[in-house]
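Here is the structure we will look at, set down as structure tokens.
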Amino acid sequence: MARIIRGIGVSPGIAFAPAMVVRWDFPEVPDRTVRAEQVEEEVSRLRAAVDHVVSQLHDLEQRVLRRAGPEEARIFDAQTLMAQDKEFLASVETLIRNNQLSAETAYEFKALEIRNLWSGQARLRERLADLHAIQLRMLNQLMGRSGPELWAMPADEQVVVIAHELSPGLTVQLDRDHVVGLVSEEGTRTAHAAILAHSLGIPAVMGAAGALAQIAGGTMVLIDGQAGTVVLNPTRGELEDAQTQVSRRHKLELQLEGIVEQPAVTPSGRPILLMGNVDLPEEIEAAVRNGAQGVGLLRTEFLLTGRATLPTEDEQAEYFRRVALSFPERTVVIRSYDLGGDKFPAAFKAPQEANPFLGWRSIRVCLDEPEVFRPQIRAVLRAAVGRDIQLMLPLVTRVEEVLEARAMVEEEAEALRRAGVRAAPSLLVGVMIETPAAVVMADRLAEVSAFFSVGTNDLTQYTMAVDRGNARLADRFTPHDPSIVRQLHRVAEVGREAGLPVSVCGEMASEPLSAVLLIGLGIDRLSVSPPALPLVKWVVRTVPEEAARRAADEALAAASADQVSRALRAVVGEYLDVRLLDPHSALPGRGRVASLPH
Ligand code: PEP
Ligand code: MG
């Protein structure tokens, strides 16, 4: 049996604690029939179980509301709605009556029908996860089995949670005082649950194949959410190594404490704009604390996560204002809804498609659904009064898309003006460069855009034909591939010639080594995940531009991603200890390492 399980580090930090295996799996439901006179009793049992589950969800929602906030608590709205779905429950009752089945047998049968209908469709993943959660609660209730309520953990215990898959709903339930680490068999860095774990500061490893089979509850595990390793029953030596790493990172953390106050400039004094990526409202504070010079990517899809309805124009305007207020005198770039692919929340009715990532997503959805897009545009315009708020369009592949979106912005600005609503008279509209088509057409896109921001996550996915969420292909998913480096170079050149600001907001900008490469390629605006800001700034201030350019030249001439990575490490290694800059490194959240023995 393997003692070290390798996965993907999705949320940095080290944790050492006993494993708590969360079998988020269903109980065995026997095929049980009942006598005709018992049928109504089964229907009543079903209804009572629904009431119980709804009140459980309500209770959970209240706790999450107190502990995390309204956005996280909304996840339970969608589940409550699904648990009470009239059509579905009527079909279960009919089955109980017609076939004289027990409530749990009928419920499981009908839930299975829906799962079969939905499975295999990436965009329904979130709804499937909700269905899974409700089915489990219902079956547990009907069969008198207790479920994994992580809230119920003893107050003085710390655990590393091991699960097959972590849903956003399960992740927000986690109490940071008790859950010091997360391991799941499924998932990658871009999974919703990974993004949440990161923002909650819980070290996490995903894509850890075989974890459930190999880790028994209570086993001591050492996880490294940066390297993506899970060590079972670590040896004294392994613990000491981890301890050394932790002390090294602590030392670096102390060293970097003052850096927030210092300007983001290269050793020769060239300013680099270091902005923050904000996915969840809680990240605003971390971005400010870590010295973000504005927001280079405000993801708005998470306003919808777990909700049963779309956010209103007022709600959005309020949120956008709140973000802008946190960054006075700075730019805030709001990205229009990037729905589709794996991000179709319950509030939005998704079509069935064979290839959702090549389907109806992002700007395509927005342009086709004006009743979704226009309120968002109006909210941005209203929030932009007297503030530097800009709008960014994701997944652009054609010039017409930008023209159409800009026409909508102008129409809405005019409509608001006529209606006497306080709103900005216009907006700067920029384009995300995240498809090879956009790179090829960058010169013509530059004619209709106010700025470019490169989304290296999708650019890598579409260039390499590697699904960004597929754990099996994770080692092929790297923006160090020369095909990506060359595209970045072209975009930087086009931007320079057209006098257009070019930034990078994909995860690549949050990797300190890659940040050097980007600077060497001539990109001077980076939008970074908030926890990574101090380290990226340190690298910016330490590595001379001449060295960055040298690394970029080598990367442009390279034949493989490996060569690019090696060249970067060699050049940057002349100025600092590159072991501190491993991919996706960021400082561990304070206190996460407290569970290591001293
Ligand atoms: C990207 O694709 O690089 C990006 C920043 O957008 P997202 O990760 O939200 O798709
Ligand atoms: Mg993208």
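All residue names refer to the structure tokens as shown: chains lettered A, B, ... in order, residues numbered from 1 in each chain, ligands numbered from 1 in order.
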| When the cut-off is 7 Å and you count only C-alpha atoms and all ligand atoms, which residues lie near ligand 2, shown as a ChimeraX atom specification? | /A:394-395,434,455,457-458
Practice prompt. Among the residues of region 185-375 of chain A, find those DSSP assigns to strand (DSSP E or B) from the backbone and print them as an MDAnalysis selection string.
Written response: chainID A and resid 204:206 220:224 229:232 265 271 273:278 295:298 332:335 340 343
Taking a cut-off of 12 Å and counting only C-alpha atoms, can you build a table that, for each residue of region 441-510 of chain A near region 206-219 of chain A, reports the nearest atom pair and how far apart they are in Å (one decimal), sorted by chain then residue number, as a Markdown table?
```
| residue | atom | partner | partner_atom | distance |
| --- | --- | --- | --- | --- |
| A:Gly469 | CA | A:Gly207 | CA | 9.8 |
| A:Asn470 | CA | A:Gly207 | CA | 8.7 |
| A:Ala471 | CA | A:Gly207 | CA | 5.4 |
| A:Arg472 | CA | A:Gly207 | CA | 8.0 |
| A:Leu473 | CA | A:Gly207 | CA | 10.5 |
| A:Ala474 | CA | A:Gly207 | CA | 9.0 |
| A:Asp475 | CA | A:Gly207 | CA | 11.7 |
```
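For the choices A:Val221, A:Leu60, A:Met408, A:Leu303, the atom-to-atom distance to Thr235 (chain A) is smallest for A:Val221 when using only C-alpha atoms.
Between Ala423 (chain A) and the candidates A:Ala242, A:Leu381, A:Val440, A:Val399, the tightest atom-to-atom separation, counting only C-alpha atoms, involves A:Leu381.
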Could you go through region 284-501 of chain A and tell me which residues DSSP, when run on the backbone, assigns to helix (DSSP H, G or I), listing them as an mmCIF file with N, CA and C atoms, in the first residue's frame?
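Generated file (selection-v8.cif):
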```cif
data_model
loop_
_atom_site.group_PDB
_atom_site.id
_atom_site.type_symbol
_atom_site.label_atom_id
_atom_site.label_comp_id
_atom_site.auth_asym_id
_atom_site.auth_seq_id
_atom_site.Cartn_x
_atom_site.Cartn_y
_atom_site.Cartn_z
ATOM 1 N N ILE A 284 -11.717 40.206 -0.703
ATOM 2 C CA ILE A 284 -11.457 41.647 -0.828
ATOM 3 C C ILE A 284 -10.463 42.071 0.251
ATOM 4 N N GLU A 285 -10.756 41.636 1.479
ATOM 5 C CA GLU A 285 -9.924 42.052 2.604
ATOM 6 C C GLU A 285 -8.480 41.563 2.434
ATOM 7 N N ALA A 286 -8.326 40.300 2.020
ATOM 8 C CA ALA A 286 -6.979 39.753 1.844
ATOM 9 C C ALA A 286 -6.244 40.511 0.742
ATOM 10 N N ALA A 287 -6.975 40.881 -0.304
ATOM 11 C CA ALA A 287 -6.339 41.613 -1.410
ATOM 12 C C ALA A 287 -5.845 42.971 -0.910
ATOM 13 N N VAL A 288 -6.671 43.647 -0.113
ATOM 14 C CA VAL A 288 -6.272 44.961 0.418
ATOM 15 C C VAL A 288 -5.073 44.785 1.351
ATOM 16 N N ARG A 289 -5.187 43.805 2.253
ATOM 17 C CA ARG A 289 -4.134 43.579 3.248
ATOM 18 C C ARG A 289 -2.793 43.255 2.581
ATOM 19 N N GLU A 301 -19.273 35.116 -11.547
ATOM 20 C CA GLU A 301 -20.080 33.888 -11.576
ATOM 21 C C GLU A 301 -20.430 33.431 -10.169
ATOM 22 N N PHE A 302 -19.536 33.750 -9.223
ATOM 23 C CA PHE A 302 -19.754 33.249 -7.869
ATOM 24 C C PHE A 302 -20.909 33.969 -7.174
ATOM 25 N N LEU A 303 -21.368 35.050 -7.780
ATOM 26 C CA LEU A 303 -22.584 35.696 -7.262
ATOM 27 C C LEU A 303 -23.759 34.750 -7.444
ATOM 28 N N GLU A 313 -30.114 43.508 -10.347
ATOM 29 C CA GLU A 313 -29.238 44.612 -10.758
ATOM 30 C C GLU A 313 -28.749 45.375 -9.521
ATOM 31 N N ASP A 314 -29.668 45.637 -8.581
ATOM 32 C CA ASP A 314 -29.307 46.385 -7.368
ATOM 33 C C ASP A 314 -28.252 45.644 -6.559
ATOM 34 N N GLU A 315 -28.474 44.344 -6.399
ATOM 35 C CA GLU A 315 -27.531 43.533 -5.622
ATOM 36 C C GLU A 315 -26.128 43.607 -6.242
ATOM 37 N N GLN A 316 -26.099 43.504 -7.556
ATOM 38 C CA GLN A 316 -24.800 43.529 -8.239
ATOM 39 C C GLN A 316 -24.151 44.901 -8.089
ATOM 40 N N ALA A 317 -24.950 45.963 -8.309
ATOM 41 C CA ALA A 317 -24.394 47.319 -8.207
ATOM 42 C C ALA A 317 -23.812 47.536 -6.816
ATOM 43 N N GLU A 318 -24.530 47.044 -5.805
ATOM 44 C CA GLU A 318 -24.090 47.186 -4.409
ATOM 45 C C GLU A 318 -22.755 46.474 -4.192
ATOM 46 N N TYR A 319 -22.647 45.258 -4.724
ATOM 47 C CA TYR A 319 -21.410 44.489 -4.573
ATOM 48 C C TYR A 319 -20.248 45.191 -5.290
ATOM 49 N N PHE A 320 -20.500 45.651 -6.511
ATOM 50 C CA PHE A 320 -19.438 46.307 -7.283
ATOM 51 C C PHE A 320 -18.959 47.578 -6.558
ATOM 52 N N ARG A 321 -19.928 48.315 -5.985
ATOM 53 C CA ARG A 321 -19.553 49.528 -5.242
ATOM 54 C C ARG A 321 -18.691 49.169 -4.044
ATOM 55 N N ARG A 322 -19.096 48.098 -3.372
ATOM 56 C CA ARG A 322 -18.373 47.667 -2.174
ATOM 57 C C ARG A 322 -16.920 47.338 -2.531
ATOM 58 N N VAL A 323 -16.738 46.630 -3.645
ATOM 59 C CA VAL A 323 -15.373 46.285 -4.062
ATOM 60 C C VAL A 323 -14.593 47.556 -4.370
ATOM 61 N N ALA A 324 -15.225 48.460 -5.152
ATOM 62 C CA ALA A 324 -14.518 49.677 -5.568
ATOM 63 C C ALA A 324 -14.151 50.536 -4.356
ATOM 64 N N LEU A 325 -15.043 50.576 -3.365
ATOM 65 C CA LEU A 325 -14.769 51.381 -2.161
ATOM 66 C C LEU A 325 -13.536 50.872 -1.426
ATOM 67 N N SER A 326 -13.275 49.579 -1.534
ATOM 68 C CA SER A 326 -12.108 49.007 -0.868
ATOM 69 C C SER A 326 -10.812 49.362 -1.586
ATOM 70 N N PRO A 356 -19.448 21.031 -23.540
ATOM 71 C CA PRO A 356 -19.773 22.331 -22.931
ATOM 72 C C PRO A 356 -18.638 23.351 -22.986
ATOM 73 N N PHE A 357 -17.370 22.895 -22.901
ATOM 74 C CA PHE A 357 -16.271 23.868 -22.954
ATOM 75 C C PHE A 357 -16.092 24.455 -24.349
ATOM 76 N N LEU A 358 -16.651 23.760 -25.336
ATOM 77 C CA LEU A 358 -16.611 24.307 -26.706
ATOM 78 C C LEU A 358 -18.012 24.764 -27.089
ATOM 79 N N ILE A 363 -19.085 34.954 -23.105
ATOM 80 C CA ILE A 363 -19.639 36.086 -23.864
ATOM 81 C C ILE A 363 -20.787 35.634 -24.768
ATOM 82 N N ARG A 364 -20.720 34.377 -25.202
ATOM 83 C CA ARG A 364 -21.778 33.867 -26.094
ATOM 84 C C ARG A 364 -23.113 33.849 -25.347
ATOM 85 N N VAL A 365 -23.076 33.386 -24.099
ATOM 86 C CA VAL A 365 -24.298 33.350 -23.286
ATOM 87 C C VAL A 365 -24.791 34.778 -23.056
ATOM 88 N N CYS A 366 -23.858 35.651 -22.672
ATOM 89 C CA CYS A 366 -24.253 37.041 -22.371
ATOM 90 C C CYS A 366 -24.915 37.710 -23.563
ATOM 91 N N LEU A 367 -24.332 37.553 -24.748
ATOM 92 C CA LEU A 367 -24.891 38.226 -25.922
ATOM 93 C C LEU A 367 -26.242 37.629 -26.315
ATOM 94 N N ASP A 368 -26.402 36.325 -26.089
ATOM 95 C CA ASP A 368 -27.668 35.678 -26.462
ATOM 96 C C ASP A 368 -28.763 35.884 -25.426
ATOM 97 N N PRO A 370 -29.876 38.741 -23.335
ATOM 98 C CA PRO A 370 -29.799 40.139 -22.870
ATOM 99 C C PRO A 370 -30.441 40.347 -21.503
ATOM 100 N N GLU A 371 -31.417 39.514 -21.149
ATOM 101 C CA GLU A 371 -32.046 39.744 -19.828
ATOM 102 C C GLU A 371 -31.120 39.330 -18.683
ATOM 103 N N VAL A 372 -30.041 38.599 -19.027
ATOM 104 C CA VAL A 372 -29.021 38.288 -18.023
ATOM 105 C C VAL A 372 -27.917 39.354 -18.087
ATOM 106 N N PHE A 373 -27.515 39.690 -19.303
ATOM 107 C CA PHE A 373 -26.355 40.567 -19.500
ATOM 108 C C PHE A 373 -26.676 42.043 -19.219
ATOM 109 N N ARG A 374 -27.824 42.506 -19.713
ATOM 110 C CA ARG A 374 -28.106 43.945 -19.591
ATOM 111 C C ARG A 374 -28.194 44.422 -18.135
ATOM 112 N N PRO A 375 -28.851 43.670 -17.242
ATOM 113 C CA PRO A 375 -28.858 44.130 -15.845
ATOM 114 C C PRO A 375 -27.439 44.210 -15.265
ATOM 115 N N GLN A 376 -26.567 43.278 -15.708
ATOM 116 C CA GLN A 376 -25.192 43.332 -15.212
ATOM 117 C C GLN A 376 -24.483 44.586 -15.739
ATOM 118 N N ILE A 377 -24.698 44.882 -17.017
ATOM 119 C CA ILE A 377 -24.088 46.095 -17.581
ATOM 120 C C ILE A 377 -24.586 47.328 -16.826
ATOM 121 N N ARG A 378 -25.897 47.367 -16.568
ATOM 122 C CA ARG A 378 -26.452 48.532 -15.858
ATOM 123 C C ARG A 378 -25.848 48.633 -14.456
ATOM 124 N N ALA A 379 -25.692 47.485 -13.804
ATOM 125 C CA ALA A 379 -25.117 47.495 -12.450
ATOM 126 C C ALA A 379 -23.683 48.047 -12.487
ATOM 127 N N VAL A 380 -22.917 47.653 -13.501
ATOM 128 C CA VAL A 380 -21.537 48.143 -13.612
ATOM 129 C C VAL A 380 -21.551 49.654 -13.856
ATOM 130 N N LEU A 381 -22.428 50.095 -14.779
ATOM 131 C CA LEU A 381 -22.510 51.533 -15.086
ATOM 132 C C LEU A 381 -22.893 52.329 -13.839
ATOM 133 N N ARG A 382 -23.830 51.802 -13.065
ATOM 134 C CA ARG A 382 -24.285 52.530 -11.864
ATOM 135 C C ARG A 382 -23.183 52.584 -10.812
ATOM 136 N N ALA A 383 -22.448 51.486 -10.679
ATOM 137 C CA ALA A 383 -21.377 51.466 -9.671
ATOM 138 C C ALA A 383 -20.198 52.335 -10.099
ATOM 139 N N VAL A 399 -14.193 39.692 -33.356
ATOM 140 C CA VAL A 399 -14.309 41.144 -33.193
ATOM 141 C C VAL A 399 -15.775 41.552 -32.996
ATOM 142 N N GLU A 400 -16.689 40.891 -33.716
ATOM 143 C CA GLU A 400 -18.109 41.280 -33.625
ATOM 144 C C GLU A 400 -18.638 41.195 -32.206
ATOM 145 N N GLU A 401 -18.115 40.217 -31.446
ATOM 146 C CA GLU A 401 -18.614 40.064 -30.076
ATOM 147 C C GLU A 401 -18.329 41.317 -29.255
ATOM 148 N N VAL A 402 -17.146 41.877 -29.467
ATOM 149 C CA VAL A 402 -16.781 43.081 -28.717
ATOM 150 C C VAL A 402 -17.670 44.242 -29.161
ATOM 151 N N LEU A 403 -17.874 44.345 -30.475
ATOM 152 C CA LEU A 403 -18.698 45.446 -30.988
ATOM 153 C C LEU A 403 -20.116 45.352 -30.453
ATOM 154 N N GLU A 404 -20.643 44.129 -30.449
ATOM 155 C CA GLU A 404 -22.011 43.933 -29.974
ATOM 156 C C GLU A 404 -22.130 44.281 -28.484
ATOM 157 N N ALA A 405 -21.157 43.825 -27.707
ATOM 158 C CA ALA A 405 -21.189 44.113 -26.263
ATOM 159 C C ALA A 405 -21.060 45.611 -26.023
ATOM 160 N N ARG A 406 -20.171 46.239 -26.769
ATOM 161 C CA ARG A 406 -19.999 47.690 -26.580
ATOM 162 C C ARG A 406 -21.265 48.448 -26.944
ATOM 163 N N ALA A 407 -21.957 47.975 -28.008
ATOM 164 C CA ALA A 407 -23.216 48.635 -28.394
ATOM 165 C C ALA A 407 -24.221 48.515 -27.255
ATOM 166 N N MET A 408 -24.262 47.349 -26.612
ATOM 167 C CA MET A 408 -25.184 47.167 -25.483
ATOM 168 C C MET A 408 -24.841 48.121 -24.343
ATOM 169 N N VAL A 409 -23.532 48.270 -24.076
ATOM 170 C CA VAL A 409 -23.109 49.184 -23.003
ATOM 171 C C VAL A 409 -23.576 50.600 -23.335
ATOM 172 N N GLU A 410 -23.392 51.016 -24.583
ATOM 173 C CA GLU A 410 -23.805 52.373 -24.962
ATOM 174 C C GLU A 410 -25.310 52.536 -24.822
ATOM 175 N N GLU A 411 -26.061 51.515 -25.276
ATOM 176 C CA GLU A 411 -27.526 51.597 -25.181
ATOM 177 C C GLU A 411 -27.979 51.700 -23.726
ATOM 178 N N GLU A 412 -27.381 50.899 -22.878
ATOM 179 C CA GLU A 412 -27.798 50.921 -21.463
ATOM 180 C C GLU A 412 -27.407 52.238 -20.796
ATOM 181 N N ALA A 413 -26.223 52.754 -21.159
ATOM 182 C CA ALA A 413 -25.796 54.041 -20.581
ATOM 183 C C ALA A 413 -26.805 55.124 -20.977
ATOM 184 N N GLU A 414 -27.217 55.086 -22.227
ATOM 185 C CA GLU A 414 -28.169 56.079 -22.735
ATOM 186 C C GLU A 414 -29.527 55.910 -22.039
ATOM 187 N N ALA A 415 -29.963 54.661 -21.884
ATOM 188 C CA ALA A 415 -31.261 54.397 -21.241
ATOM 189 C C ALA A 415 -31.239 54.892 -19.791
ATOM 190 N N LEU A 416 -30.135 54.659 -19.104
ATOM 191 C CA LEU A 416 -30.042 55.099 -17.701
ATOM 192 C C LEU A 416 -30.049 56.632 -17.637
ATOM 193 N N ARG A 417 -29.368 57.239 -18.588
ATOM 194 C CA ARG A 417 -29.321 58.709 -18.606
ATOM 195 C C ARG A 417 -30.729 59.270 -18.794
ATOM 196 N N ARG A 418 -31.451 58.669 -19.774
ATOM 197 C CA ARG A 418 -32.819 59.148 -20.058
ATOM 198 C C ARG A 418 -33.738 58.940 -18.868
ATOM 199 N N PRO A 436 -6.875 30.798 -28.716
ATOM 200 C CA PRO A 436 -5.901 31.040 -29.783
ATOM 201 C C PRO A 436 -6.467 31.992 -30.843
ATOM 202 N N ALA A 437 -7.780 31.945 -31.090
ATOM 203 C CA ALA A 437 -8.380 32.855 -32.077
ATOM 204 C C ALA A 437 -8.138 34.300 -31.681
ATOM 205 N N ALA A 438 -8.287 34.590 -30.403
ATOM 206 C CA ALA A 438 -8.098 35.970 -29.940
ATOM 207 C C ALA A 438 -6.637 36.391 -30.085
ATOM 208 N N VAL A 439 -5.720 35.457 -29.890
ATOM 209 C CA VAL A 439 -4.298 35.797 -30.046
ATOM 210 C C VAL A 439 -4.011 36.124 -31.508
ATOM 211 N N VAL A 440 -4.513 35.269 -32.389
ATOM 212 C CA VAL A 440 -4.267 35.471 -33.824
ATOM 213 C C VAL A 440 -4.870 36.804 -34.279
ATOM 214 N N ALA A 442 -5.418 39.421 -32.416
ATOM 215 C CA ALA A 442 -5.171 40.456 -31.404
ATOM 216 C C ALA A 442 -5.051 41.858 -32.013
ATOM 217 N N ASP A 443 -4.423 41.961 -33.202
ATOM 218 C CA ASP A 443 -4.244 43.301 -33.778
ATOM 219 C C ASP A 443 -5.597 43.951 -34.092
ATOM 220 N N ARG A 444 -6.537 43.142 -34.604
ATOM 221 C CA ARG A 444 -7.845 43.723 -34.936
ATOM 222 C C ARG A 444 -8.686 43.917 -33.674
ATOM 223 N N LEU A 445 -8.526 43.017 -32.716
ATOM 224 C CA LEU A 445 -9.251 43.193 -31.443
ATOM 225 C C LEU A 445 -8.769 44.465 -30.731
ATOM 226 N N ALA A 446 -7.473 44.763 -30.893
ATOM 227 C CA ALA A 446 -6.916 45.952 -30.235
ATOM 228 C C ALA A 446 -7.629 47.223 -30.718
ATOM 229 N N THR A 456 -4.681 32.879 -18.898
ATOM 230 C CA THR A 456 -3.805 31.768 -19.280
ATOM 231 C C THR A 456 -4.412 30.397 -18.956
ATOM 232 N N ASN A 457 -5.406 30.361 -18.055
ATOM 233 C CA ASN A 457 -6.015 29.060 -17.735
ATOM 234 C C ASN A 457 -6.727 28.513 -18.966
ATOM 235 N N ASP A 458 -7.600 29.342 -19.528
ATOM 236 C CA ASP A 458 -8.319 28.874 -20.712
ATOM 237 C C ASP A 458 -7.426 28.860 -21.947
ATOM 238 N N LEU A 459 -6.505 29.829 -22.023
ATOM 239 C CA LEU A 459 -5.613 29.833 -23.195
ATOM 240 C C LEU A 459 -4.819 28.520 -23.250
ATOM 241 N N THR A 460 -4.396 28.033 -22.090
ATOM 242 C CA THR A 460 -3.667 26.758 -22.053
ATOM 243 C C THR A 460 -4.609 25.609 -22.445
ATOM 244 N N GLN A 461 -5.818 25.639 -21.875
ATOM 245 C CA GLN A 461 -6.790 24.578 -22.184
ATOM 246 C C GLN A 461 -7.073 24.495 -23.688
ATOM 247 N N TYR A 462 -7.314 25.643 -24.300
ATOM 248 C CA TYR A 462 -7.710 25.616 -25.712
ATOM 249 C C TYR A 462 -6.526 25.425 -26.659
ATOM 250 N N THR A 463 -5.345 25.865 -26.236
ATOM 251 C CA THR A 463 -4.174 25.683 -27.095
ATOM 252 C C THR A 463 -3.695 24.235 -27.057
ATOM 253 N N MET A 464 -3.628 23.678 -25.845
ATOM 254 C CA MET A 464 -3.071 22.336 -25.682
ATOM 255 C C MET A 464 -4.123 21.243 -25.861
ATOM 256 N N ALA A 471 -8.016 15.791 -13.809
ATOM 257 C CA ALA A 471 -6.882 15.491 -12.926
ATOM 258 C C ALA A 471 -5.840 14.610 -13.626
ATOM 259 N N ARG A 472 -6.303 13.725 -14.517
ATOM 260 C CA ARG A 472 -5.397 12.803 -15.189
ATOM 261 C C ARG A 472 -4.410 13.530 -16.108
ATOM 262 N N LEU A 473 -4.844 14.650 -16.673
ATOM 263 C CA LEU A 473 -3.985 15.363 -17.619
ATOM 264 C C LEU A 473 -3.268 16.553 -16.980
ATOM 265 N N ALA A 474 -3.349 16.617 -15.637
ATOM 266 C CA ALA A 474 -2.864 17.821 -14.954
ATOM 267 C C ALA A 474 -1.396 18.136 -15.282
ATOM 268 N N ASP A 475 -0.562 17.103 -15.507
ATOM 269 C CA ASP A 475 0.850 17.416 -15.759
ATOM 270 C C ASP A 475 1.082 17.978 -17.168
ATOM 271 N N ARG A 476 0.090 17.840 -18.039
ATOM 272 C CA ARG A 476 0.226 18.443 -19.379
ATOM 273 C C ARG A 476 -0.291 19.878 -19.396
ATOM 274 N N PRO A 482 5.948 26.141 -24.649
ATOM 275 C CA PRO A 482 6.397 27.224 -25.542
ATOM 276 C C PRO A 482 5.261 27.806 -26.392
ATOM 277 N N SER A 483 4.253 26.971 -26.687
ATOM 278 C CA SER A 483 3.142 27.500 -27.503
ATOM 279 C C SER A 483 2.396 28.612 -26.757
ATOM 280 N N ILE A 484 2.378 28.543 -25.453
ATOM 281 C CA ILE A 484 1.728 29.595 -24.664
ATOM 282 C C ILE A 484 2.662 30.801 -24.546
ATOM 283 N N VAL A 485 3.939 30.514 -24.313
ATOM 284 C CA VAL A 485 4.917 31.601 -24.168
ATOM 285 C C VAL A 485 4.927 32.462 -25.443
ATOM 286 N N ARG A 486 4.898 31.801 -26.590
ATOM 287 C CA ARG A 486 4.932 32.563 -27.849
ATOM 288 C C ARG A 486 3.681 33.409 -28.035
ATOM 289 N N GLN A 487 2.539 32.855 -27.616
ATOM 290 C CA GLN A 487 1.304 33.633 -27.745
ATOM 291 C C GLN A 487 1.328 34.849 -26.817
ATOM 292 N N LEU A 488 1.867 34.641 -25.606
ATOM 293 C CA LEU A 488 1.962 35.760 -24.673
ATOM 294 C C LEU A 488 2.848 36.861 -25.266
ATOM 295 N N HIS A 489 3.916 36.431 -25.901
ATOM 296 C CA HIS A 489 4.836 37.381 -26.512
ATOM 297 C C HIS A 489 4.111 38.208 -27.588
ATOM 298 N N ARG A 490 3.333 37.506 -28.406
ATOM 299 C CA ARG A 490 2.626 38.210 -29.480
ATOM 300 C C ARG A 490 1.634 39.228 -28.896
ATOM 301 N N VAL A 491 0.892 38.808 -27.880
ATOM 302 C CA VAL A 491 -0.113 39.710 -27.303
ATOM 303 C C VAL A 491 0.576 40.944 -26.709
ATOM 304 N N ALA A 492 1.713 40.712 -26.033
ATOM 305 C CA ALA A 492 2.444 41.846 -25.450
ATOM 306 C C ALA A 492 2.894 42.807 -26.554
ATOM 307 N N GLU A 493 3.378 42.247 -27.662
ATOM 308 C CA GLU A 493 3.842 43.076 -28.788
ATOM 309 C C GLU A 493 2.700 43.878 -29.399
ATOM 310 N N VAL A 494 1.588 43.191 -29.641
ATOM 311 C CA VAL A 494 0.432 43.867 -30.238
ATOM 312 C C VAL A 494 -0.026 45.006 -29.316
ATOM 313 N N GLY A 495 -0.081 44.710 -28.012
ATOM 314 C CA GLY A 495 -0.496 45.725 -27.050
ATOM 315 C C GLY A 495 0.436 46.927 -27.092
ATOM 316 N N ARG A 496 1.737 46.657 -27.140
ATOM 317 C CA ARG A 496 2.722 47.748 -27.147
ATOM 318 C C ARG A 496 2.547 48.611 -28.393
ATOM 319 N N GLU A 497 2.407 47.945 -29.549
ATOM 320 C CA GLU A 497 2.261 48.697 -30.802
ATOM 321 C C GLU A 497 0.982 49.526 -30.822
ATOM 322 N N ALA A 498 -0.080 48.975 -30.230
ATOM 323 C CA ALA A 498 -1.367 49.673 -30.251
ATOM 324 C C ALA A 498 -1.519 50.625 -29.064
#
```
Notebook entry, point to check: Within 6 Å of region 6-15 of chain A, counting only C-alpha atoms, which residues qualify if same-chain residues fewer than 2 places away don't, as a PyMOL selection string?
Noted result: chain A and resi 181+189+194+198+203-208+222-229+588+593
